[in-house]
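The file my_file_32.txt comes next; it holds compact mmCIF, C-alpha atoms.
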```txt
# COMPACT_ATOMS: atom_id res chain seq x y z
CA MET A 10 64.26 7.59 -42.89
CA THR A 11 66.40 5.10 -44.69
CA THR A 12 65.56 3.65 -48.09
CA ARG A 13 65.15 0.29 -46.40
CA GLY A 14 62.76 1.78 -43.84
CA LEU A 15 60.67 3.42 -46.54
CA ASP A 16 60.63 0.17 -48.52
CA GLU A 17 59.47 -1.85 -45.47
CA PHE A 18 56.79 0.70 -44.59
CA ALA A 19 55.52 0.92 -48.17
CA GLY A 20 55.42 -2.89 -48.39
CA TRP A 21 53.38 -3.06 -45.19
CA VAL A 22 50.93 -0.42 -46.48
CA GLU A 23 50.64 -2.20 -49.84
CA GLY A 24 49.71 -5.42 -48.06
CA LEU A 25 47.03 -3.61 -46.05
CA MET A 26 45.64 -2.00 -49.19
CA ARG A 27 45.40 -5.35 -50.94
CA GLN A 28 43.73 -6.93 -47.89
CA ARG A 29 41.12 -4.17 -47.95
CA GLY A 30 40.38 -4.80 -51.64
CA TYR A 31 42.17 -1.85 -53.24
CA ASP A 32 43.48 -2.86 -56.68
CA ILE A 33 46.87 -1.18 -56.59
CA ASP A 34 48.61 -3.59 -58.96
CA SER A 35 46.92 -3.12 -62.32
CA PRO A 36 47.46 0.20 -64.13
CA ARG A 37 43.74 0.74 -64.62
CA GLY A 38 42.53 -0.88 -61.42
CA GLY A 39 41.84 2.48 -59.82
CA GLY A 40 42.93 1.40 -56.35
CA LYS A 41 45.33 4.28 -55.82
CA SER A 42 42.74 6.83 -56.89
CA ARG A 43 40.02 5.14 -54.86
CA ILE A 44 41.99 5.12 -51.62
CA ALA A 45 43.11 8.72 -52.21
CA ASP A 46 39.50 9.80 -52.80
CA GLU A 47 38.14 7.89 -49.81
CA ALA A 48 40.87 9.26 -47.54
CA GLY A 49 40.60 12.78 -48.91
CA VAL A 50 44.29 12.98 -49.86
CA HIS A 51 46.10 13.67 -53.12
CA ARG A 52 46.60 10.68 -55.35
CA ALA A 53 50.22 11.76 -55.72
CA ALA A 54 50.83 11.13 -52.00
CA VAL A 55 49.61 7.55 -52.38
CA THR A 56 51.60 7.05 -55.58
CA ARG A 57 54.82 8.48 -54.08
CA LEU A 58 54.53 6.09 -51.14
CA LEU A 59 53.83 3.03 -53.28
CA GLN A 60 56.72 3.93 -55.59
CA ARG A 61 58.99 4.30 -52.53
CA GLN A 62 59.68 7.95 -53.32
CA SER A 63 58.55 9.55 -50.05
CA MET A 64 56.95 8.92 -46.71
CA PRO A 65 53.42 10.32 -46.28
CA ASP A 66 53.04 13.26 -43.93
CA LEU A 67 51.16 12.99 -40.64
CA GLU A 68 47.86 14.23 -42.06
CA THR A 69 47.98 11.70 -44.89
CA MET A 70 48.70 8.90 -42.40
CA ARG A 71 45.88 10.13 -40.20
CA ARG A 72 43.43 9.94 -43.09
CA ILE A 73 44.62 6.63 -44.59
CA ALA A 74 44.96 4.65 -41.34
CA PRO A 75 41.20 4.11 -40.73
CA LEU A 76 40.71 2.90 -44.31
CA LEU A 77 43.46 0.34 -43.79
CA GLY A 78 42.08 -0.77 -40.43
CA VAL A 79 45.09 0.34 -38.40
CA SER A 80 45.72 3.06 -35.87
CA VAL A 81 47.68 6.22 -36.59
CA ARG A 82 49.96 5.08 -33.75
CA ASP A 83 50.77 1.88 -35.67
CA MET A 84 51.46 3.85 -38.84
CA LEU A 85 53.77 6.27 -37.04
CA ILE A 86 55.69 3.46 -35.35
CA ARG A 87 55.94 1.37 -38.54
CA SER A 88 57.13 4.44 -40.44
CA GLY A 89 59.98 4.87 -37.97
CA ARG A 90 58.90 8.37 -36.99
CA VAL A 91 58.36 7.40 -33.35
CA THR A 92 59.12 4.45 -31.12
CA PRO A 93 56.54 2.57 -29.06
CA GLU A 94 58.08 4.12 -25.95
CA GLU A 95 57.58 7.62 -27.34
CA LEU A 96 53.92 6.92 -28.06
CA PRO A 97 52.67 4.53 -25.36
CA MET A 98 49.25 2.93 -25.45
CA ALA A 99 46.75 4.42 -23.02
CA ALA A 100 46.48 1.02 -21.30
CA ASP A 101 50.23 1.15 -20.61
CA LEU A 102 49.70 4.32 -18.60
CA LEU A 103 46.95 2.90 -16.40
CA PRO A 104 47.56 1.42 -12.95
CA PRO A 105 46.92 -2.31 -12.36
CA SER A 106 43.23 -3.24 -12.54
CA ASP A 107 43.13 -4.40 -8.91
CA TRP A 108 44.54 -1.11 -7.57
CA GLN A 109 42.10 0.94 -5.50
CA PRO A 110 43.10 4.62 -5.25
CA SER A 111 42.80 6.23 -1.84
CA MET A 112 41.30 9.60 -1.03
CA GLU A 113 44.86 10.87 -0.69
CA ASP A 114 45.64 9.69 -4.22
CA PHE A 115 42.69 11.66 -5.56
CA ALA A 116 43.73 14.69 -3.53
CA ARG A 117 47.28 14.53 -4.96
CA TRP A 118 45.92 14.21 -8.52
CA LEU A 119 43.85 17.32 -7.89
CA GLY A 120 46.82 19.21 -6.44
CA VAL A 121 45.58 19.43 -2.85
CA PRO A 122 48.52 20.50 -0.62
CA ASP A 123 49.60 18.02 2.08
CA GLU A 124 48.60 20.41 4.87
CA ARG A 125 45.00 20.46 3.54
CA MET A 126 44.73 16.70 2.89
CA GLY A 127 42.68 16.03 6.04
CA VAL A 128 40.17 18.74 5.18
CA PHE A 129 39.83 17.40 1.64
CA VAL A 130 39.18 13.85 2.88
CA LYS A 131 36.64 15.07 5.45
CA VAL A 132 34.69 17.15 2.92
CA VAL A 133 34.65 14.39 0.31
CA ASN A 134 33.49 11.87 2.90
CA GLN A 135 30.39 14.00 3.52
CA PHE A 136 29.27 13.21 -0.03
CA LEU A 137 29.96 9.47 0.00
CA GLU A 138 27.71 6.61 1.00
CA PRO A 139 28.17 5.48 4.62
CA ASP A 140 29.77 2.12 3.68
CA VAL A 141 32.41 3.93 1.58
CA VAL A 142 33.19 6.31 4.43
CA ALA A 143 33.74 3.36 6.78
CA GLU A 144 36.66 2.22 4.59
CA VAL A 145 38.57 5.50 5.13
CA PRO A 146 41.01 5.28 8.07
CA ALA A 147 40.08 7.48 11.03
CA GLU A 148 43.53 9.12 11.10
CA ALA A 149 42.91 10.48 7.58
CA VAL A 150 40.08 12.66 8.85
CA GLU A 151 41.19 15.99 10.30
CA PRO A 152 39.55 16.99 13.62
CA ARG A 153 36.80 19.60 13.47
CA ARG A 154 38.06 23.17 13.71
CA SER A 155 36.29 26.11 15.24
CA ALA A 156 35.82 29.45 13.51
CA ARG A 157 38.83 30.77 15.48
CA ASP A 158 41.21 28.19 13.97
```
Show me the file's structure as structure tokens.
Amino acid sequence: MTTRGLDEFAGWVEGLMRQRGYDIDSPRGGGKSRIADEAGVHRAAVTRLLQRQSMPDLETMRRIAPLLGVSVRDMLIRSGRVTPEELPMAADLLPPSDWQPSMEDFARWLGVPDERMGVFVKVVNQFLEPDVVAEVPAEAVEPRRSARD
């Protein structure tokens, strides 16, 4: 972490603290002690950050973030410890909202081998409502096997 990065991060945190009503500017305002007490962290960790001496550790960030109304993800990214690509949002990992997964998609997610895909689809279809079963293509259903198969 560069001095500039620490300075930018500390400035951002200071702004959040002020927005949340913590008096961190006056010597006897008690804002540093109050936020440390409410977060359950050492006052020294808050002071070191505000004096641009050191970056808070992960646990301190985890405890302070909710008090400042931000996510731990935002704190980690703003601190320069991770990039947005290294810590994607859950929504970034989801498929498009109009995408309808097939039975085969579910089977793959569950680790069903390709040679057993038809059996999986057939068994699952037995538990679905009739109108849902009608949407499954006929070729996806494996023919019935006898006990000798």
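Those residues that approach Pro65 (chain A) to within 9 Å, counting all atoms listed in the file, are Ala54, Val55, Arg57 and Leu58 of chain A; same-chain residues fewer than 6 positions away are not listed.
Across the structure, CA of Thr11 (chain A) and CA of Leu77 (chain A) are spaced 23.4 Å apart.
Put simply, CA of Val91 (chain A) is 25.4 Å away from CA of Arg29 (chain A).
With distances restricted to only C-alpha atoms, A:Val22 is the closest residue to Ser88 (chain A) from A:Ala116, A:Val50, A:Val22, A:Val132.
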**OP:** Go through A:Gly40, A:Arg52, A:Met98, A:Glu68 and flag the residue nearest Arg82 (chain A), using all atoms listed in the file for the distances.
**Re:** A:Met98
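For the atom pair formed by CA of Leu25 (chain A) and CA of Thr92 (chain A), the distance is 20.8 Å, given to one decimal.
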Subject >> Asp32 (chain A) surroundings by all atoms listed in the file, 12 Å radius, close-in-sequence under 6 positions cut, as a ChimeraX atom specification >> reply: /A:23-26,38-44
List every protein, DNA or RNA residue that has an atom no more than 12 Å from (50.1, 0.5, -37.5) in the file's coordinate frame, counting all atoms listed in the file, and report them as a JSON list (two decimals) with C-alpha atoms, in the coordinates of the input.
```
[["chain", "number", "residue", "atom", "x", "y", "z"],
["A", 18, "PHE", "CA", 56.79, 0.70, -44.59],
["A", 19, "ALA", "CA", 55.52, 0.92, -48.17],
["A", 21, "TRP", "CA", 53.38, -3.06, -45.19],
["A", 22, "VAL", "CA", 50.93, -0.42, -46.48],
["A", 25, "LEU", "CA", 47.03, -3.61, -46.05],
["A", 70, "MET", "CA", 48.70, 8.90, -42.40],
["A", 71, "ARG", "CA", 45.88, 10.13, -40.20],
["A", 73, "ILE", "CA", 44.62, 6.63, -44.59],
["A", 74, "ALA", "CA", 44.96, 4.65, -41.34],
["A", 75, "PRO", "CA", 41.20, 4.11, -40.73],
["A", 76, "LEU", "CA", 40.71, 2.90, -44.31],
["A", 77, "LEU", "CA", 43.46, 0.34, -43.79],
["A", 78, "GLY", "CA", 42.08, -0.77, -40.43],
["A", 79, "VAL", "CA", 45.09, 0.34, -38.40],
["A", 80, "SER", "CA", 45.72, 3.06, -35.87],
["A", 81, "VAL", "CA", 47.68, 6.22, -36.59],
["A", 82, "ARG", "CA", 49.96, 5.08, -33.75],
["A", 83, "ASP", "CA", 50.77, 1.88, -35.67],
["A", 84, "MET", "CA", 51.46, 3.85, -38.84],
["A", 85, "LEU", "CA", 53.77, 6.27, -37.04],
["A", 86, "ILE", "CA", 55.69, 3.46, -35.35],
["A", 87, "ARG", "CA", 55.94, 1.37, -38.54],
["A", 88, "SER", "CA", 57.13, 4.44, -40.44],
["A", 89, "GLY", "CA", 59.98, 4.87, -37.97],
["A", 90, "ARG", "CA", 58.90, 8.37, -36.99],
["A", 91, "VAL", "CA", 58.36, 7.40, -33.35],
["A", 92, "THR", "CA", 59.12, 4.45, -31.12],
["A", 93, "PRO", "CA", 56.54, 2.57, -29.06]]
```
